[in-house]
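Notes follow the structure.
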Amino acid sequence: MASEKFSCIKDYEEYASVHLPKDSRLYTNSGADAEVTMRDNQAAFERWRLRPRYLVDVSFRATAGTILGHKVDFPVGISPTAFHRLAHPDGEAAVARAAQDMNTIYIMSTTATSSIEEIARVAPNGINWFQLYIPHDRTLAEDMILRAQKAGFKALVLTIDTPDTGKKRINVREPINWPKHLKLGNFREDQVDGISSSVTKGVPTGGQFTEKLTWKDLDWLKKITNLPIIVKGIMTGEDAELAVQYGVSAVFVSNHGGRQLDGCLATIDVLPEIVRAVRGRVEVYLDGGVRHGADVLKALALGATAVFMGRPIIWGLSYNGYQGVRQVLSIMKEEIHLALALTGCLTPQSIKSDQVVHVTQVHQSRL
């Protein structure tokens with residue numbers, strides 16, 4: 001498919017469905033169990049509808065804003081996803097460079113196929129955050145945190161929804177063959193086997209990541225680093241309140257792209273509950289199912305500060321490495337710019353809560 005025919009994220013998804021290597025496709029596109037939540041993350045955005053306002057001068061609109069104090073060109077960052085070199089030889093390095101050049105946030109995964117130091121070299125001016133899984137051996141976590149801090153990373157993103165690995169039925173039927181030439185960049189050879197096998201098999205093995213993580217471990221993290229701590233995997237107002245009480249800098253609404261617990265709510269549907277619980281005390285981010293600029297405005301109208309994307313970045317990477325990721329991000333930025341005009345908004349932050357409505361509310365009002 002020629003590049004000029006790529007007009008939306010769906011085009012990159014369709015390209016990747018054909019051209020991604022089998023093992024990468026099995027890993028990237030799989031969800032937990034029956035994949036209900038994975039599908040619903042995207043479908044849920046369609047149940048929220050925008051209420052545009054017109055006769056507004058939108059000739060000087062802008063997509064820029066701030067996320068955790070960092071100036072960004074548009075409110076869409078890159079979620080942490082593993083094993084980028086399954087999709088393209090340049091892997092995470094290409095993704096980090098694209099995020100830097102588009103002036104948005106890149107979150108590096110613990111299970112990246114590049115190292116912290118490599119990302120710092122290729123994207124020295126990027127807004128790089130580090131996503132953390134905590135291994136059983138906590139000295140490994142401490143080492144990665146200190147390396148990320150030394151390398152100039154700006155925040156720590158603690159993933160809390162993986163006390164065990166969600167079961168991916170497709171990966172049970174067709175196990176992923178971990179290419180021998182690929183390595184996990186943040187671990188030594190003697191640390192890799194258990195971690196990589198637990199993640200790539202897609203079955204509940206527990207692997208090398210601890211099942212003993214509790215809220216009190218946030219106090220432990222604060223003793224190790226002064227980096228802002230973001231808790232990723234918040235799906236209830238109760239956990240959002242606890243996160244604020246334990247002094248996090250932001251909460252990240254996420255169900256791991258539907259890869260962990262099947263049958264839980266879509267992230268956009270739980271976002272209002274999280275925003276109510278937080279009450280403006282910290283920023284709120286969201287990922288899961290974001291595919292269009294209008295999706296971004298819906299999330300922001302419901303109280304999110306920014307949204308993040310995972311799978312679409314891998315699809316762009318598989319298409320054309322660094323340039324493919326830039327194209328995906330550029331499409332999102334352009335769609336946000338257009339959606340602002342068509343909703344009567346000058347900035348993403350200016351969209352109001354009454355400019356989005358759930359379809360069930362519309363149906364009830366007609367009864």
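Here's how to read the names in the structure tokens: chain A, B, ... by the order shown, residue numbers from 1 in each chain, ligand numbers from 1 in the order shown.
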Would you pick out the contacts of stretch 299-306 of chain A at 8 Å or less, using only C-alpha atoms, so that residues sharing its chain but fewer than 2 positions from it are not included, and give the list as a ChimeraX atom specification? /A:67,75-77,268,271-272,275,283-286,295-297,308,348-349,351-356
Cut-off 7 Å: closest stretch 247-346 of chain A/stretch 96-117 of chain A atom pairs per residue, using only C-alpha atoms, as CSV:
residue,atom,partner,partner_atom,distance
A:Tyr322,CA,A:Ala98,CA,5.8
A:Val325,CA,A:Ala98,CA,6.2
A:Arg326,CA,A:Ala98,CA,5.3
Expected file contents, prior selection, all heavy atoms, as a compact mmCIF listing (two decimals), in the first residue's frame:
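part.txt was written with the following content:
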# COMPACT_ATOMS: atom_id res chain seq x y z
N TYR A 322 10.74 4.66 11.98
CA TYR A 322 10.62 6.02 12.52
C TYR A 322 9.58 6.84 11.75
O TYR A 322 8.73 7.51 12.35
CB TYR A 322 12.00 6.69 12.46
CG TYR A 322 11.99 8.19 12.51
CD1 TYR A 322 11.90 8.87 13.73
CD2 TYR A 322 12.10 8.94 11.33
CE1 TYR A 322 11.91 10.26 13.77
CE2 TYR A 322 12.12 10.33 11.37
CZ TYR A 322 12.01 10.98 12.58
OH TYR A 322 12.02 12.34 12.62
N VAL A 325 5.96 5.79 12.52
CA VAL A 325 5.48 6.28 13.82
C VAL A 325 5.15 7.76 13.73
O VAL A 325 4.12 8.21 14.24
CB VAL A 325 6.52 6.01 14.93
CG1 VAL A 325 6.05 6.60 16.26
CG2 VAL A 325 6.77 4.51 15.08
N ARG A 326 6.01 8.53 13.06
CA ARG A 326 5.74 9.96 12.88
C ARG A 326 4.43 10.18 12.13
O ARG A 326 3.65 11.08 12.44
CB ARG A 326 6.88 10.64 12.12
CG ARG A 326 8.07 10.99 12.97
CD ARG A 326 8.86 12.12 12.36
NE ARG A 326 8.08 13.35 12.25
CZ ARG A 326 8.62 14.56 12.17
NH1 ARG A 326 9.93 14.72 12.19
NH2 ARG A 326 7.86 15.64 12.07
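The closest residue to A:Val122, picked from A:Thr28, A:Tyr12, A:Ala151, A:Gln361 and counting only C-alpha atoms, is A:Ala151.
When only C-alpha atoms are used to measure the gap to A:Ala32, the shortest distance among A:Val172, A:Leu156, A:Cys345, A:Leu227 belongs to A:Val172.
Residues in contact with A:Ala87 at up to 10 Å, not including ones fewer than 5 positions away on its chain and judged by only C-alpha atoms, are Ala16, His19, Leu20, Pro21, Lys22, Asp23, Ser24, Arg25, Thr28, Glu92, Ile314, Trp315, Gly316, Leu317, Ser318, Tyr319, Asn320 and Gly321 of chain A.
Distance annotation: of A:Asn125, A:Ser249, A:Thr360, A:Ser59, the residue with the minimal separation from A:Glu46 is A:Thr360; atom set is only C-alpha atoms.
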Using DSSP secondary structure from the backbone, list all strand (DSSP E or B) positions within stretch 33-179 of chain A, as a PDB file with N, CA and C atoms, in the first residue's frame.
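What follows is the written file out_23.pdb:
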ATOM      1  N   TRP A  48     -19.819   7.271  23.124  1.00  0.00           N
ATOM      2  CA  TRP A  48     -19.763   8.656  23.582  1.00  0.00           C
ATOM      3  C   TRP A  48     -19.797   9.562  22.351  1.00  0.00           C
ATOM      4  N   ARG A  49     -20.712  10.538  22.346  1.00  0.00           N
ATOM      5  CA  ARG A  49     -20.899  11.389  21.170  1.00  0.00           C
ATOM      6  C   ARG A  49     -20.618  12.851  21.522  1.00  0.00           C
ATOM      7  N   LEU A  50     -20.033  13.544  20.577  1.00  0.00           N
ATOM      8  CA  LEU A  50     -19.702  14.953  20.761  1.00  0.00           C
ATOM      9  C   LEU A  50     -20.909  15.844  20.469  1.00  0.00           C
ATOM     10  N   GLY A  65      -0.185  21.945  24.618  1.00  0.00           N
ATOM     11  CA  GLY A  65      -0.584  22.001  26.017  1.00  0.00           C
ATOM     12  C   GLY A  65       0.548  21.512  26.890  1.00  0.00           C
ATOM     13  N   THR A  66       0.240  21.139  28.119  1.00  0.00           N
ATOM     14  CA  THR A  66       1.252  20.607  29.033  1.00  0.00           C
ATOM     15  C   THR A  66       0.777  19.294  29.637  1.00  0.00           C
ATOM     16  N   ILE A  67       1.725  18.407  29.865  1.00  0.00           N
ATOM     17  CA  ILE A  67       1.483  17.143  30.549  1.00  0.00           C
ATOM     18  C   ILE A  67       2.528  17.017  31.639  1.00  0.00           C
ATOM     19  N   HIS A  70       5.318  19.410  31.338  1.00  0.00           N
ATOM     20  CA  HIS A  70       6.099  19.405  30.103  1.00  0.00           C
ATOM     21  C   HIS A  70       5.251  19.942  28.952  1.00  0.00           C
ATOM     22  N   LYS A  71       5.792  20.870  28.199  1.00  0.00           N
ATOM     23  CA  LYS A  71       5.097  21.393  27.039  1.00  0.00           C
ATOM     24  C   LYS A  71       5.108  20.360  25.919  1.00  0.00           C
ATOM     25  N   VAL A  72       3.943  20.062  25.384  1.00  0.00           N
ATOM     26  CA  VAL A  72       3.819  19.107  24.281  1.00  0.00           C
ATOM     27  C   VAL A  72       3.054  19.769  23.145  1.00  0.00           C
ATOM     28  N   VAL A  76      -1.348  13.662  22.967  1.00  0.00           N
ATOM     29  CA  VAL A  76      -1.325  12.226  22.682  1.00  0.00           C
ATOM     30  C   VAL A  76       0.098  11.719  22.859  1.00  0.00           C
ATOM     31  N   GLY A  77       0.309  10.867  23.844  1.00  0.00           N
ATOM     32  CA  GLY A  77       1.617  10.273  24.067  1.00  0.00           C
ATOM     33  C   GLY A  77       1.644   8.812  23.670  1.00  0.00           C
ATOM     34  N   ILE A  78       2.799   8.185  23.875  1.00  0.00           N
ATOM     35  CA  ILE A  78       3.014   6.797  23.468  1.00  0.00           C
ATOM     36  C   ILE A  78       3.051   5.906  24.702  1.00  0.00           C
ATOM     37  N   ILE A 105       5.215  12.694  24.519  1.00  0.00           N
ATOM     38  CA  ILE A 105       5.813  11.827  25.536  1.00  0.00           C
ATOM     39  C   ILE A 105       5.956  10.400  25.033  1.00  0.00           C
ATOM     40  N   TYR A 106       7.125   9.831  25.309  1.00  0.00           N
ATOM     41  CA  TYR A 106       7.383   8.422  25.032  1.00  0.00           C
ATOM     42  C   TYR A 106       7.585   7.703  26.363  1.00  0.00           C
ATOM     43  N   ILE A 107       6.805   6.645  26.591  1.00  0.00           N
ATOM     44  CA  ILE A 107       6.972   5.828  27.790  1.00  0.00           C
ATOM     45  C   ILE A 107       7.667   4.531  27.393  1.00  0.00           C
ATOM     46  N   MET A 108       8.852   4.325  27.918  1.00  0.00           N
ATOM     47  CA  MET A 108       9.636   3.131  27.612  1.00  0.00           C
ATOM     48  C   MET A 108       9.224   1.983  28.528  1.00  0.00           C
ATOM     49  N   ILE A 127      10.870  13.830  25.838  1.00  0.00           N
ATOM     50  CA  ILE A 127      10.188  13.725  27.138  1.00  0.00           C
ATOM     51  C   ILE A 127       9.984  12.233  27.380  1.00  0.00           C
ATOM     52  N   ASN A 128      11.009  11.597  27.913  1.00  0.00           N
ATOM     53  CA  ASN A 128      11.015  10.153  28.092  1.00  0.00           C
ATOM     54  C   ASN A 128      10.614   9.789  29.519  1.00  0.00           C
ATOM     55  N   TRP A 129       9.628   8.905  29.644  1.00  0.00           N
ATOM     56  CA  TRP A 129       9.223   8.357  30.936  1.00  0.00           C
ATOM     57  C   TRP A 129       9.576   6.870  30.938  1.00  0.00           C
ATOM     58  N   PHE A 130       9.774   6.318  32.116  1.00  0.00           N
ATOM     59  CA  PHE A 130      10.111   4.890  32.212  1.00  0.00           C
ATOM     60  C   PHE A 130       9.008   4.126  32.924  1.00  0.00           C
ATOM     61  N   GLN A 131       8.478   3.100  32.233  1.00  0.00           N
ATOM     62  CA  GLN A 131       7.464   2.218  32.824  1.00  0.00           C
ATOM     63  C   GLN A 131       8.151   1.108  33.597  1.00  0.00           C
ATOM     64  N   LEU A 132       7.670   0.852  34.801  1.00  0.00           N
ATOM     65  CA  LEU A 132       8.327  -0.106  35.686  1.00  0.00           C
ATOM     66  C   LEU A 132       7.426  -1.275  36.048  1.00  0.00           C
ATOM     67  N   PRO A 135      10.387  -6.703  39.536  1.00  0.00           N
ATOM     68  CA  PRO A 135      10.731  -8.121  39.603  1.00  0.00           C
ATOM     69  C   PRO A 135      10.747  -8.624  41.049  1.00  0.00           C
ATOM     70  N   ALA A 155       9.961  10.835  34.367  1.00  0.00           N
ATOM     71  CA  ALA A 155       8.939  10.316  35.278  1.00  0.00           C
ATOM     72  C   ALA A 155       9.013   8.795  35.308  1.00  0.00           C
ATOM     73  N   LEU A 156       8.429   8.230  36.356  1.00  0.00           N
ATOM     74  CA  LEU A 156       8.368   6.785  36.539  1.00  0.00           C
ATOM     75  C   LEU A 156       6.906   6.358  36.482  1.00  0.00           C
ATOM     76  N   VAL A 157       6.597   5.399  35.616  1.00  0.00           N
ATOM     77  CA  VAL A 157       5.224   4.918  35.437  1.00  0.00           C
ATOM     78  C   VAL A 157       5.148   3.503  35.985  1.00  0.00           C
ATOM     79  N   LEU A 158       4.528   3.346  37.146  1.00  0.00           N
ATOM     80  CA  LEU A 158       4.419   2.037  37.789  1.00  0.00           C
ATOM     81  C   LEU A 158       3.162   1.330  37.309  1.00  0.00           C
ATOM     82  N   THR A 159       3.332   0.195  36.637  1.00  0.00           N
ATOM     83  CA  THR A 159       2.193  -0.608  36.189  1.00  0.00           C
ATOM     84  C   THR A 159       1.750  -1.517  37.320  1.00  0.00           C
TER      85      THR A 159
END
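Taking only C-alpha atoms into account, A:Val251 lies nearest to A:Val278 out of the set A:Val36, A:Ala43, A:Leu329, A:Val278.
Each of A:Gly69, A:Pro312, A:Gly31, A:Gly237 was compared to A:Ala277 using only C-alpha atoms, and A:Gly237 turns out to be the nearest.
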Per DSSP on the backbone, what are the helix (DSSP H, G or I) residues of stretch 76-246 of chain A, as a VMD selection string? chain A and resid 84 to 86 91 to 101 116 to 122 138 to 150 169 to 173 189 to 201 217 to 224 237 to 245
Please list as a tab-separated table (two decimals) with C-alpha atoms, in the first residue's frame every residue within 12 Å of A:Asn226, counting only C-alpha atoms and excluding residues in the same chain fewer than 2 positions away.
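File written: part.tsv
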chain	number	residue	atom	x	y	z
A	145	ILE	CA	15.11	3.36	38.29
A	146	LEU	CA	18.53	4.84	39.02
A	148	ALA	CA	16.54	5.98	34.10
A	149	GLN	CA	17.05	8.90	36.43
A	150	LYS	CA	20.71	9.21	35.43
A	153	PHE	CA	14.06	10.29	32.10
A	154	LYS	CA	11.38	12.61	33.45
A	155	ALA	CA	8.94	10.32	35.28
A	156	LEU	CA	8.37	6.79	36.54
A	218	LEU	CA	4.95	3.51	46.77
A	219	ASP	CA	6.70	4.66	49.94
A	220	TRP	CA	9.60	2.35	49.04
A	221	LEU	CA	9.79	3.84	45.53
A	222	LYS	CA	9.86	7.37	46.89
A	223	LYS	CA	12.92	6.49	48.94
A	224	ILE	CA	14.71	5.42	45.75
A	228	PRO	CA	7.33	11.92	39.67
A	229	ILE	CA	5.47	8.61	40.09
A	248	VAL	CA	1.39	9.97	43.20
A	249	SER	CA	1.82	12.73	40.63
Pick from A:Ser30, A:Thr236, A:Thr225, A:Thr37 nearest to A:Arg173, counting only C-alpha atoms: A:Ser30
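If you look at atom CA of A:Thr162 and atom CA of A:His136, they are 12.8 Å away from each other.
The space separating atom CA of A:Thr347 from atom CA of A:Ala62 comes to 5.3 Å.
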